[in-house]
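Structure file target_36.pdb (PDB, C-alpha atoms, pLDDT in the B column) follows.
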ATOM      1  CA  MET C   1       4.280 -39.097   8.398  1.00 93.00           C
ATOM      2  CA  ILE C   2       2.618 -35.698   8.781  1.00 96.00           C
ATOM      3  CA  HIS C   3       4.500 -32.431   9.430  1.00 97.00           C
ATOM      4  CA  VAL C   4       2.700 -29.188  10.339  1.00 98.00           C
ATOM      5  CA  ALA C   5       3.875 -25.578  10.500  1.00 98.00           C
ATOM      6  CA  GLU C   6       1.659 -22.657  11.554  1.00 98.00           C
ATOM      7  CA  ARG C   7       2.308 -18.984  12.181  1.00 97.00           C
ATOM      8  CA  PRO C   8       0.009 -16.016  12.869  1.00 97.00           C
ATOM      9  CA  GLY C   9       0.061 -12.934  10.687  1.00 95.00           C
ATOM     10  CA  VAL C  10      -1.313  -9.504  11.468  1.00 93.00           C
ATOM     11  CA  GLY C  11      -4.759  -7.966  11.223  1.00 87.00           C
ATOM     12  CA  LEU C  12      -5.948  -5.387   8.731  1.00 84.00           C
ATOM     13  CA  ASP C  13      -4.751  -2.743  11.208  1.00 87.00           C
ATOM     14  CA  GLY C  14      -1.230  -4.164  11.103  1.00 88.00           C
ATOM     15  CA  ARG C  15      -1.320  -5.365  14.709  1.00 92.00           C
ATOM     16  CA  PRO C  16      -0.540  -8.936  15.816  1.00 93.00           C
ATOM     17  CA  ARG C  17      -3.536 -11.142  16.515  1.00 92.00           C
ATOM     18  CA  PRO C  18      -4.218 -14.895  16.785  1.00 95.00           C
ATOM     19  CA  THR C  19      -4.101 -16.879  13.570  1.00 96.00           C
ATOM     20  CA  GLU C  20      -7.349 -17.525  11.736  1.00 96.00           C
ATOM     21  CA  ASP C  21      -5.956 -20.667  10.074  1.00 97.00           C
ATOM     22  CA  ARG C  22      -6.848 -24.089  11.450  1.00 98.00           C
ATOM     23  CA  VAL C  23      -5.338 -27.527  10.836  1.00 98.00           C
ATOM     24  CA  VAL C  24      -7.015 -30.890  11.470  1.00 97.00           C
ATOM     25  CA  VAL C  25      -4.804 -33.996  11.569  1.00 97.00           C
ATOM     26  CA  LEU C  26      -6.397 -37.444  11.770  1.00 96.00           C
ATOM     27  CA  ASP C  27      -5.041 -40.933  11.205  1.00 92.00           C
ATOM     28  CA  ARG C  28      -5.699 -40.918   7.452  1.00 95.00           C
ATOM     29  CA  ALA C  29      -7.020 -37.452   6.755  1.00 97.00           C
ATOM     30  CA  VAL C  30      -5.867 -33.836   6.986  1.00 98.00           C
ATOM     31  CA  ALA C  31      -7.776 -30.572   6.624  1.00 98.00           C
ATOM     32  CA  VAL C  32      -6.430 -27.020   6.383  1.00 98.00           C
ATOM     33  CA  LEU C  33      -8.768 -24.036   6.779  1.00 98.00           C
ATOM     34  CA  ASP C  34      -8.158 -20.310   6.367  1.00 98.00           C
ATOM     35  CA  GLY C  35     -10.792 -18.135   8.018  1.00 96.00           C
ATOM     36  CA  ALA C  36     -11.493 -14.971   6.052  1.00 91.00           C
ATOM     37  CA  THR C  37     -10.563 -11.791   7.900  1.00 80.00           C
ATOM     38  CA  SER C  38     -13.675  -9.675   8.324  1.00 75.00           C
ATOM     39  CA  ALA C  39     -13.818  -5.887   8.504  1.00 69.00           C
ATOM     40  CA  ASP C  40     -17.254  -6.089  10.183  1.00 73.00           C
ATOM     41  CA  PRO C  41     -16.858  -5.754  13.990  1.00 74.00           C
ATOM     42  CA  ASP C  42     -20.388  -7.061  14.520  1.00 75.00           C
ATOM     43  CA  GLN C  43     -19.636 -10.364  12.776  1.00 82.00           C
ATOM     44  CA  HIS C  44     -17.828 -13.368  14.190  1.00 89.00           C
ATOM     45  CA  SER C  45     -14.264 -13.575  12.907  1.00 91.00           C
ATOM     46  CA  GLY C  46     -13.088 -15.945  10.226  1.00 94.00           C
ATOM     47  CA  GLY C  47     -10.974 -17.675  12.862  1.00 95.00           C
ATOM     48  CA  TRP C  48     -14.052 -18.272  15.017  1.00 96.00           C
ATOM     49  CA  TYR C  49     -15.797 -19.887  12.076  1.00 97.00           C
ATOM     50  CA  ALA C  50     -12.767 -21.897  10.914  1.00 97.00           C
ATOM     51  CA  GLU C  51     -12.302 -23.290  14.428  1.00 97.00           C
ATOM     52  CA  ARG C  52     -15.905 -24.543  14.588  1.00 98.00           C
ATOM     53  CA  LEU C  53     -15.876 -25.904  11.066  1.00 98.00           C
ATOM     54  CA  ALA C  54     -12.588 -27.695  11.756  1.00 98.00           C
ATOM     55  CA  ALA C  55     -14.056 -29.299  14.873  1.00 97.00           C
ATOM     56  CA  GLN C  56     -17.051 -30.504  12.875  1.00 97.00           C
ATOM     57  CA  LEU C  57     -14.826 -31.862  10.108  1.00 97.00           C
ATOM     58  CA  GLU C  58     -13.011 -33.966  12.697  1.00 96.00           C
ATOM     59  CA  ARG C  59     -16.321 -35.778  13.192  1.00 95.00           C
ATOM     60  CA  GLU C  60     -17.075 -36.117   9.477  1.00 95.00           C
ATOM     61  CA  LEU C  61     -13.684 -37.227   8.148  1.00 94.00           C
ATOM     62  CA  PRO C  62     -12.459 -39.483   6.644  1.00 87.00           C
ATOM     63  CA  GLY C  63     -15.835 -39.798   4.910  1.00 86.00           C
ATOM     64  CA  ASP C  64     -16.364 -38.857   1.263  1.00 94.00           C
ATOM     65  CA  LEU C  65     -15.051 -35.328   0.997  1.00 97.00           C
ATOM     66  CA  ARG C  66     -17.874 -33.322  -0.591  1.00 97.00           C
ATOM     67  CA  PRO C  67     -20.639 -34.846   1.601  1.00 97.00           C
ATOM     68  CA  ALA C  68     -18.432 -34.513   4.684  1.00 97.00           C
ATOM     69  CA  LEU C  69     -17.877 -30.814   3.994  1.00 98.00           C
ATOM     70  CA  ALA C  70     -21.570 -30.204   3.275  1.00 98.00           C
ATOM     71  CA  ARG C  71     -22.584 -31.873   6.541  1.00 98.00           C
ATOM     72  CA  ALA C  72     -19.991 -29.885   8.489  1.00 98.00           C
ATOM     73  CA  ILE C  73     -21.109 -26.553   7.001  1.00 98.00           C
ATOM     74  CA  ALA C  74     -24.756 -27.378   7.701  1.00 98.00           C
ATOM     75  CA  ALA C  75     -24.048 -28.434  11.285  1.00 98.00           C
ATOM     76  CA  VAL C  76     -22.104 -25.264  12.144  1.00 97.00           C
ATOM     77  CA  ALA C  77     -24.752 -23.045  10.525  1.00 97.00           C
ATOM     78  CA  ARG C  78     -27.535 -24.817  12.374  1.00 97.00           C
ATOM     79  CA  GLU C  79     -25.825 -24.759  15.766  1.00 96.00           C
ATOM     80  CA  HIS C  80     -24.910 -21.070  15.602  1.00 96.00           C
ATOM     81  CA  GLY C  81     -27.826 -19.671  13.595  1.00 95.00           C
ATOM     82  CA  LEU C  82     -25.661 -18.562  10.683  1.00 95.00           C
ATOM     83  CA  ARG C  83     -27.351 -17.199   7.564  1.00 94.00           C
ATOM     84  CA  PRO C  84     -26.022 -17.403   4.010  1.00 93.00           C
ATOM     85  CA  GLY C  85     -24.650 -14.087   2.808  1.00 89.00           C
ATOM     86  CA  SER C  86     -24.122 -12.580   6.265  1.00 88.00           C
ATOM     87  CA  SER C  87     -21.835 -15.022   8.046  1.00 92.00           C
ATOM     88  CA  PRO C  88     -18.086 -15.548   8.444  1.00 94.00           C
ATOM     89  CA  SER C  89     -16.366 -17.862   5.989  1.00 95.00           C
ATOM     90  CA  SER C  90     -13.331 -20.048   5.452  1.00 97.00           C
ATOM     91  CA  THR C  91     -11.377 -21.777   2.732  1.00 98.00           C
ATOM     92  CA  VAL C  92     -11.076 -25.565   2.967  1.00 98.00           C
ATOM     93  CA  ALA C  93      -8.419 -27.990   1.738  1.00 98.00           C
ATOM     94  CA  MET C  94      -8.937 -31.649   2.659  1.00 98.00           C
ATOM     95  CA  LEU C  95      -6.992 -34.819   1.993  1.00 98.00           C
ATOM     96  CA  ARG C  96      -7.896 -38.402   2.859  1.00 97.00           C
ATOM     97  CA  TRP C  97      -6.289 -41.689   1.927  1.00 97.00           C
ATOM     98  CA  ASP C  98      -6.469 -45.446   2.276  1.00 95.00           C
ATOM     99  CA  ASP C  99      -4.176 -48.220   1.097  1.00 94.00           C
ATOM    100  CA  ASP C 100      -5.160 -47.707  -2.523  1.00 96.00           C
ATOM    101  CA  ARG C 101      -6.216 -44.111  -3.161  1.00 97.00           C
ATOM    102  CA  VAL C 102      -5.640 -40.499  -2.144  1.00 97.00           C
ATOM    103  CA  ASP C 103      -8.556 -38.047  -2.481  1.00 98.00           C
ATOM    104  CA  ALA C 104      -8.299 -34.251  -2.301  1.00 98.00           C
ATOM    105  CA  LEU C 105     -10.750 -31.334  -2.164  1.00 98.00           C
ATOM    106  CA  VAL C 106     -10.201 -27.586  -2.266  1.00 98.00           C
ATOM    107  CA  LEU C 107     -12.723 -24.796  -1.824  1.00 98.00           C
ATOM    108  CA  ALA C 108     -11.357 -21.246  -2.329  1.00 96.00           C
ATOM    109  CA  ASP C 109      -7.683 -20.363  -2.281  1.00 93.00           C
ATOM    110  CA  SER C 110      -5.922 -22.992  -0.156  1.00 97.00           C
ATOM    111  CA  PRO C 111      -4.202 -25.316  -2.648  1.00 98.00           C
ATOM    112  CA  ILE C 112      -3.138 -28.955  -2.465  1.00 98.00           C
ATOM    113  CA  VAL C 113      -0.060 -30.154  -4.359  1.00 98.00           C
ATOM    114  CA  ALA C 114       0.568 -33.867  -4.936  1.00 98.00           C
ATOM    115  CA  PHE C 115       4.053 -35.105  -5.805  1.00 97.00           C
ATOM    116  CA  GLY C 116       4.831 -38.243  -7.755  1.00 95.00           C
ATOM    117  CA  GLN C 117       6.649 -38.223 -11.057  1.00 91.00           C
ATOM    118  CA  SER C 118       5.692 -34.527 -11.226  1.00 94.00           C
ATOM    119  CA  ALA C 119       3.842 -31.897  -9.169  1.00 97.00           C
ATOM    120  CA  ASP C 120       0.060 -31.934  -9.627  1.00 97.00           C
ATOM    121  CA  VAL C 121      -1.531 -28.731  -8.294  1.00 98.00           C
ATOM    122  CA  LEU C 122      -5.181 -28.718  -7.250  1.00 98.00           C
ATOM    123  CA  ALA C 123      -6.046 -25.019  -6.866  1.00 97.00           C
ATOM    124  CA  ASP C 124      -9.302 -23.089  -6.876  1.00 96.00           C
ATOM    125  CA  ASP C 125      -8.415 -19.818  -8.627  1.00 94.00           C
ATOM    126  CA  ARG C 126     -11.908 -18.302  -8.840  1.00 93.00           C
ATOM    127  CA  LEU C 127     -11.337 -15.969  -5.893  1.00 89.00           C
ATOM    128  CA  THR C 128      -7.874 -14.967  -7.097  1.00 88.00           C
ATOM    129  CA  THR C 129      -9.158 -14.275 -10.613  1.00 92.00           C
ATOM    130  CA  LEU C 130     -11.865 -11.933  -9.305  1.00 91.00           C
ATOM    131  CA  ARG C 131      -9.413 -10.178  -6.993  1.00 87.00           C
ATOM    132  CA  ARG C 132      -6.901  -9.581  -9.772  1.00 86.00           C
ATOM    133  CA  ALA C 133      -9.675  -8.246 -11.996  1.00 89.00           C
ATOM    134  CA  GLY C 134     -10.476  -5.646  -9.327  1.00 87.00           C
ATOM    135  CA  ARG C 135     -13.946  -7.017  -8.653  1.00 91.00           C
ATOM    136  CA  LEU C 136     -13.512  -7.520  -4.881  1.00 85.00           C
ATOM    137  CA  ARG C 137     -12.516  -4.043  -3.775  1.00 85.00           C
ATOM    138  CA  THR C 138     -15.354  -3.579  -1.270  1.00 83.00           C
ATOM    139  CA  GLN C 139     -17.102  -5.755   1.271  1.00 82.00           C
ATOM    140  CA  GLN C 140     -20.327  -5.209  -0.676  1.00 86.00           C
ATOM    141  CA  ALA C 141     -18.694  -6.616  -3.819  1.00 88.00           C
ATOM    142  CA  VAL C 142     -17.375  -9.618  -1.891  1.00 87.00           C
ATOM    143  CA  ARG C 143     -20.828 -10.397  -0.489  1.00 86.00           C
ATOM    144  CA  ALA C 144     -22.423 -10.020  -3.926  1.00 89.00           C
ATOM    145  CA  LEU C 145     -20.032 -12.538  -5.500  1.00 93.00           C
ATOM    146  CA  ARG C 146     -19.589 -14.985  -2.624  1.00 93.00           C
ATOM    147  CA  ASN C 147     -21.233 -18.348  -3.267  1.00 95.00           C
ATOM    148  CA  ARG C 148     -22.852 -17.142  -6.479  1.00 93.00           C
ATOM    149  CA  PRO C 149     -22.578 -18.431 -10.058  1.00 92.00           C
ATOM    150  CA  GLY C 150     -19.896 -16.412 -11.815  1.00 92.00           C
ATOM    151  CA  GLY C 151     -18.372 -15.520  -8.453  1.00 94.00           C
ATOM    152  CA  PHE C 152     -16.409 -17.638  -6.004  1.00 96.00           C
ATOM    153  CA  TRP C 153     -17.287 -20.414  -3.569  1.00 97.00           C
ATOM    154  CA  VAL C 154     -16.226 -20.730   0.035  1.00 97.00           C
ATOM    155  CA  ALA C 155     -17.386 -22.471   3.201  1.00 97.00           C
ATOM    156  CA  GLU C 156     -19.922 -20.221   4.932  1.00 96.00           C
ATOM    157  CA  ALA C 157     -23.535 -21.005   5.903  1.00 96.00           C
ATOM    158  CA  ASP C 158     -24.784 -22.693   2.717  1.00 96.00           C
ATOM    159  CA  PRO C 159     -23.832 -26.398   2.517  1.00 97.00           C
ATOM    160  CA  SER C 160     -24.394 -26.410  -1.257  1.00 96.00           C
ATOM    161  CA  ALA C 161     -21.032 -24.602  -1.581  1.00 97.00           C
ATOM    162  CA  ALA C 162     -19.467 -28.047  -1.125  1.00 97.00           C
ATOM    163  CA  ASP C 163     -20.923 -29.057  -4.495  1.00 97.00           C
ATOM    164  CA  HIS C 164     -18.682 -26.432  -6.118  1.00 97.00           C
ATOM    165  CA  ALA C 165     -15.461 -27.609  -4.488  1.00 98.00           C
ATOM    166  CA  LEU C 166     -12.752 -28.944  -6.781  1.00 98.00           C
ATOM    167  CA  THR C 167     -11.662 -32.553  -6.270  1.00 98.00           C
ATOM    168  CA  ARG C 168      -9.001 -34.914  -7.529  1.00 98.00           C
ATOM    169  CA  SER C 169      -7.830 -38.470  -6.808  1.00 98.00           C
ATOM    170  CA  TRP C 170      -4.581 -40.367  -7.325  1.00 97.00           C
ATOM    171  CA  PRO C 171      -3.438 -43.940  -6.802  1.00 97.00           C
ATOM    172  CA  ARG C 172      -1.589 -43.944  -3.504  1.00 96.00           C
ATOM    173  CA  ALA C 173       1.303 -45.857  -4.994  1.00 95.00           C
ATOM    174  CA  ALA C 174       1.853 -42.998  -7.475  1.00 95.00           C
ATOM    175  CA  LEU C 175       2.483 -40.366  -4.768  1.00 97.00           C
ATOM    176  CA  ASP C 176       5.516 -39.615  -2.622  1.00 96.00           C
ATOM    177  CA  ALA C 177       4.146 -36.616  -0.744  1.00 98.00           C
ATOM    178  CA  VAL C 178       1.402 -33.992  -0.608  1.00 98.00           C
ATOM    179  CA  LEU C 179       1.497 -30.352   0.529  1.00 98.00           C
ATOM    180  CA  LEU C 180      -1.565 -28.459   1.778  1.00 98.00           C
ATOM    181  CA  ALA C 181      -1.174 -24.704   2.250  1.00 98.00           C
ATOM    182  CA  THR C 182      -3.078 -21.556   3.047  1.00 98.00           C
ATOM    183  CA  ASP C 183      -2.471 -18.535   0.835  1.00 95.00           C
ATOM    184  CA  GLY C 184      -0.062 -17.058   3.362  1.00 96.00           C
ATOM    185  CA  VAL C 185       2.309 -19.795   2.164  1.00 98.00           C
ATOM    186  CA  SER C 186       1.210 -20.410  -1.425  1.00 97.00           C
ATOM    187  CA  CYS C 187       1.856 -16.735  -2.203  1.00 96.00           C
ATOM    188  CA  GLY C 188       5.545 -17.637  -2.074  1.00 97.00           C
ATOM    189  CA  VAL C 189       4.982 -19.678  -5.242  1.00 97.00           C
ATOM    190  CA  ASP C 190       2.060 -17.957  -6.962  1.00 95.00           C
ATOM    191  CA  GLU C 191       2.801 -14.274  -6.291  1.00 94.00           C
ATOM    192  CA  TYR C 192       6.348 -13.791  -5.007  1.00 96.00           C
ATOM    193  CA  GLY C 193       8.054 -16.400  -7.196  1.00 96.00           C
ATOM    194  CA  LEU C 194      10.404 -17.405  -4.367  1.00 97.00           C
ATOM    195  CA  PHE C 195      10.327 -21.068  -5.330  1.00 97.00           C
ATOM    196  CA  THR C 196       8.365 -23.631  -7.297  1.00 98.00           C
ATOM    197  CA  TRP C 197       6.285 -26.263  -5.547  1.00 98.00           C
ATOM    198  CA  PRO C 198       8.966 -28.938  -6.057  1.00 98.00           C
ATOM    199  CA  GLU C 199      11.510 -26.526  -4.584  1.00 98.00           C
ATOM    200  CA  ALA C 200       9.188 -25.871  -1.636  1.00 98.00           C
ATOM    201  CA  LEU C 201       8.984 -29.625  -1.043  1.00 98.00           C
ATOM    202  CA  ARG C 202      12.761 -29.987  -1.174  1.00 97.00           C
ATOM    203  CA  LEU C 203      13.153 -27.102   1.286  1.00 98.00           C
ATOM    204  CA  ALA C 204      10.582 -28.629   3.656  1.00 98.00           C
ATOM    205  CA  ARG C 205      12.337 -31.985   3.537  1.00 97.00           C
ATOM    206  CA  ALA C 206      15.822 -30.546   3.965  1.00 97.00           C
ATOM    207  CA  ARG C 207      15.176 -27.943   6.674  1.00 97.00           C
ATOM    208  CA  GLY C 208      11.664 -28.628   7.936  1.00 97.00           C
ATOM    209  CA  VAL C 209       8.279 -27.175   6.991  1.00 98.00           C
ATOM    210  CA  ASP C 210       8.921 -24.045   9.083  1.00 98.00           C
ATOM    211  CA  ALA C 211      11.720 -23.118   6.670  1.00 98.00           C
ATOM    212  CA  VAL C 212       9.154 -22.593   3.908  1.00 98.00           C
ATOM    213  CA  LEU C 213       7.235 -20.177   6.136  1.00 98.00           C
ATOM    214  CA  ASP C 214      10.504 -18.433   7.030  1.00 97.00           C
ATOM    215  CA  SER C 215      11.280 -17.809   3.362  1.00 97.00           C
ATOM    216  CA  VAL C 216       7.916 -16.164   2.732  1.00 98.00           C
ATOM    217  CA  ARG C 217       8.192 -13.992   5.851  1.00 97.00           C
ATOM    218  CA  ALA C 218      11.717 -12.899   4.948  1.00 97.00           C
ATOM    219  CA  ALA C 219      10.516 -11.782   1.510  1.00 96.00           C
ATOM    220  CA  GLU C 220       7.654  -9.813   3.074  1.00 95.00           C
ATOM    221  CA  ASP C 221       9.990  -8.181   5.587  1.00 94.00           C
ATOM    222  CA  GLY C 222      12.006  -6.984   2.609  1.00 95.00           C
ATOM    223  CA  ASP C 223       8.879  -5.370   1.154  1.00 95.00           C
ATOM    224  CA  PRO C 224       7.206  -3.942   4.289  1.00 91.00           C
ATOM    225  CA  ASP C 225       5.013  -1.429   2.466  1.00 90.00           C
ATOM    226  CA  GLY C 226       3.777  -3.814  -0.206  1.00 90.00           C
ATOM    227  CA  THR C 227       5.502  -1.930  -3.003  1.00 92.00           C
ATOM    228  CA  ARG C 228       6.784  -4.989  -4.841  1.00 95.00           C
ATOM    229  CA  TRP C 229       3.927  -7.270  -3.853  1.00 92.00           C
ATOM    230  CA  PRO C 230       0.745  -5.277  -3.098  1.00 91.00           C
ATOM    231  CA  ARG C 231      -1.243  -6.969  -0.337  1.00 90.00           C
ATOM    232  CA  ALA C 232      -3.835  -6.109   2.295  1.00 84.00           C
ATOM    233  CA  LYS C 233      -1.616  -7.149   5.214  1.00 90.00           C
ATOM    234  CA  ARG C 234       2.152  -7.161   5.685  1.00 91.00           C
ATOM    235  CA  HIS C 235       1.958 -10.775   6.878  1.00 94.00           C
ATOM    236  CA  ASP C 236      -0.929 -13.186   6.360  1.00 95.00           C
ATOM    237  CA  ASP C 237      -1.519 -16.190   8.594  1.00 97.00           C
ATOM    238  CA  GLN C 238       0.456 -19.218   7.465  1.00 98.00           C
ATOM    239  CA  ALA C 239      -0.306 -22.929   7.613  1.00 98.00           C
ATOM    240  CA  LEU C 240       1.530 -25.692   5.770  1.00 98.00           C
ATOM    241  CA  VAL C 241       1.107 -29.446   6.059  1.00 98.00           C
ATOM    242  CA  LEU C 242       3.438 -32.021   4.509  1.00 98.00           C
ATOM    243  CA  VAL C 243       2.100 -35.568   4.226  1.00 98.00           C
ATOM    244  CA  GLU C 244       4.839 -38.077   3.420  1.00 97.00           C
ATOM    245  CA  PHE C 245       3.588 -41.364   1.980  1.00 94.00           C
ATOM    246  CA  GLY C 246       5.483 -44.513   2.770  1.00 75.00           C
ATOM    247  CA  ARG C 247       4.184 -47.961   2.068  1.00 57.00           C
ATOM    248  CA  PRO C 248       0.419 -48.452   2.638  1.00 54.00           C
TER     249      PRO C 248
END
The structure given in the file should be rewritten as structure tokens.
Amino acid sequence: MIHVAERPGVGLDGRPRPTEDRVVVLDRAVAVLDGATSADPDQHSGGWYAERLAAQLERELPGDLRPALARAIAAVAREHGLRPGSSPSSTVAMLRWDDDRVDALVLADSPIVAFGQSADVLADDRLTTLRRAGRLRTQQAVRALRNRPGGFWVAEADPSAADHALTRSWPRAALDAVLLATDGVSCGVDEYGLFTWPEALRLARARGVDAVLDSVRAAEDGDPDGTRWPRAKRHDDQALVLVEFGRP
């Protein structure tokens, strides 16, 4: 069974706007994308790109994850004339499964957490590490480090970024559930310390996946100016998917 919760945040100007997250749900595959908010008014938005990449991934999944992502990136770039280094971008988290195995892929900061005897977190922290080191303070710095060795990797216009995605596999019988989240949700664990991933799973099961989003929003409402938790926007877009595994 698959449960989805989504909620828009606000733009860099603090005003409400449509979410730039996208969720793809197929019979035996799920993808979660987080389009990067752009400060360039002449560039397509991250939501525009995430929507087109998500649509392409629907055609490519549930194929092998890295090749599927590479083909999807290439197809969107080709159709819309996107050029590496000057195009919108998106994170990607993908999960696919069959009767025997569960495969996961993450590219940039949308983690996947698998639950069996313990919580196994698949997270790409390259972007977060650079941000915390103060190396992404300007758009010029972001462009210089995006999809470059020593920088961070994200879905944009270069399909070779898929080669740098992080992957992991588990026997299906070893897993009870999997969470996929954008950073508007994972911040509740990684930055705010509101709950652990196992606690987030218990909350989602007890009160529904929207309750996890509610907890993050309530914490942010209590820190409206970003004093306790410095952040670019009061509320980021949120997307959370819970995949519950029964018998194959």
Residue members of the PyMOL selection byres ((chain C and resi 165) around 6) in the file shown, as a count of residues only: 6
When the PyMOL selection byres ((chain C and resi 20) around 10) is applied to the file above, which residues end up in the set, as a PDB file with C-alpha atoms, in the frame of the given file?
ATOM      1  CA  ARG C   7       2.308 -18.984  12.181  1.00 97.00           C
ATOM      2  CA  PRO C   8       0.009 -16.016  12.869  1.00 97.00           C
ATOM      3  CA  GLY C   9       0.061 -12.934  10.687  1.00 95.00           C
ATOM      4  CA  GLY C  11      -4.759  -7.966  11.223  1.00 87.00           C
ATOM      5  CA  ARG C  17      -3.536 -11.142  16.515  1.00 92.00           C
ATOM      6  CA  PRO C  18      -4.218 -14.895  16.785  1.00 95.00           C
ATOM      7  CA  THR C  19      -4.101 -16.879  13.570  1.00 96.00           C
ATOM      8  CA  ASP C  21      -5.956 -20.667  10.074  1.00 97.00           C
ATOM      9  CA  ARG C  22      -6.848 -24.089  11.450  1.00 98.00           C
ATOM     10  CA  LEU C  33      -8.768 -24.036   6.779  1.00 98.00           C
ATOM     11  CA  ASP C  34      -8.158 -20.310   6.367  1.00 98.00           C
ATOM     12  CA  GLY C  35     -10.792 -18.135   8.018  1.00 96.00           C
ATOM     13  CA  ALA C  36     -11.493 -14.971   6.052  1.00 91.00           C
ATOM     14  CA  THR C  37     -10.563 -11.791   7.900  1.00 80.00           C
ATOM     15  CA  SER C  45     -14.264 -13.575  12.907  1.00 91.00           C
ATOM     16  CA  GLY C  46     -13.088 -15.945  10.226  1.00 94.00           C
ATOM     17  CA  GLY C  47     -10.974 -17.675  12.862  1.00 95.00           C
ATOM     18  CA  TRP C  48     -14.052 -18.272  15.017  1.00 96.00           C
ATOM     19  CA  TYR C  49     -15.797 -19.887  12.076  1.00 97.00           C
ATOM     20  CA  ALA C  50     -12.767 -21.897  10.914  1.00 97.00           C
ATOM     21  CA  GLU C  51     -12.302 -23.290  14.428  1.00 97.00           C
ATOM     22  CA  SER C  90     -13.331 -20.048   5.452  1.00 97.00           C
ATOM     23  CA  ASP C 236      -0.929 -13.186   6.360  1.00 95.00           C
ATOM     24  CA  ASP C 237      -1.519 -16.190   8.594  1.00 97.00           C
ATOM     25  CA  GLN C 238       0.456 -19.218   7.465  1.00 98.00           C
ATOM     26  CA  ALA C 239      -0.306 -22.929   7.613  1.00 98.00           C
TER      27      ALA C 239
END
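For the choices C:Asp109, C:Asp98, C:Glu6, C:Asp103, the atom-to-atom distance to C:Leu65 is smallest for C:Asp103 when using all atoms listed in the file.
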Nearest to C:Val212, chosen from C:Ala181, C:Glu60, C:Arg131, C:Arg83, with only C-alpha atoms counted in the distances: C:Ala181
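Put simply, atom CA of C:Val10 is 6.7 Å away from atom CA of C:Lys233.
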Residue nearest C:Arg217 among C:Leu194, C:Ala174, C:Ala119, C:Leu203 (counting all atoms listed in the file): C:Leu194
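Here atom CA of C:Pro198 stands at a distance of 11.7 Å from atom CA of C:Asp176.
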Counting only C-alpha atoms, the residue of C:Phe245, C:Ala173, C:Met1, C:Trp229 that sits nearest C:Arg101: C:Ala173
Contact residues around stretch 145-159 of chain C with all atoms listed in the file at 7 Å, ignoring same-chain residues under 3 positions, as a list of chain:residue names: C:Ala70, C:Arg71, C:Ile73, C:Ala74, C:Ala77, C:Leu82, C:Arg83, C:Pro84, C:Ser87, C:Pro88, C:Ser89, C:Ser90, C:Thr91, C:Leu107, C:Ala108, C:Arg126, C:Leu127, C:Ala141, C:Val142, C:Ala162, C:His164
Between atom CA of C:Pro171 and atom CA of C:Asp99 - distance in Å to one decimal: 9.0 Å
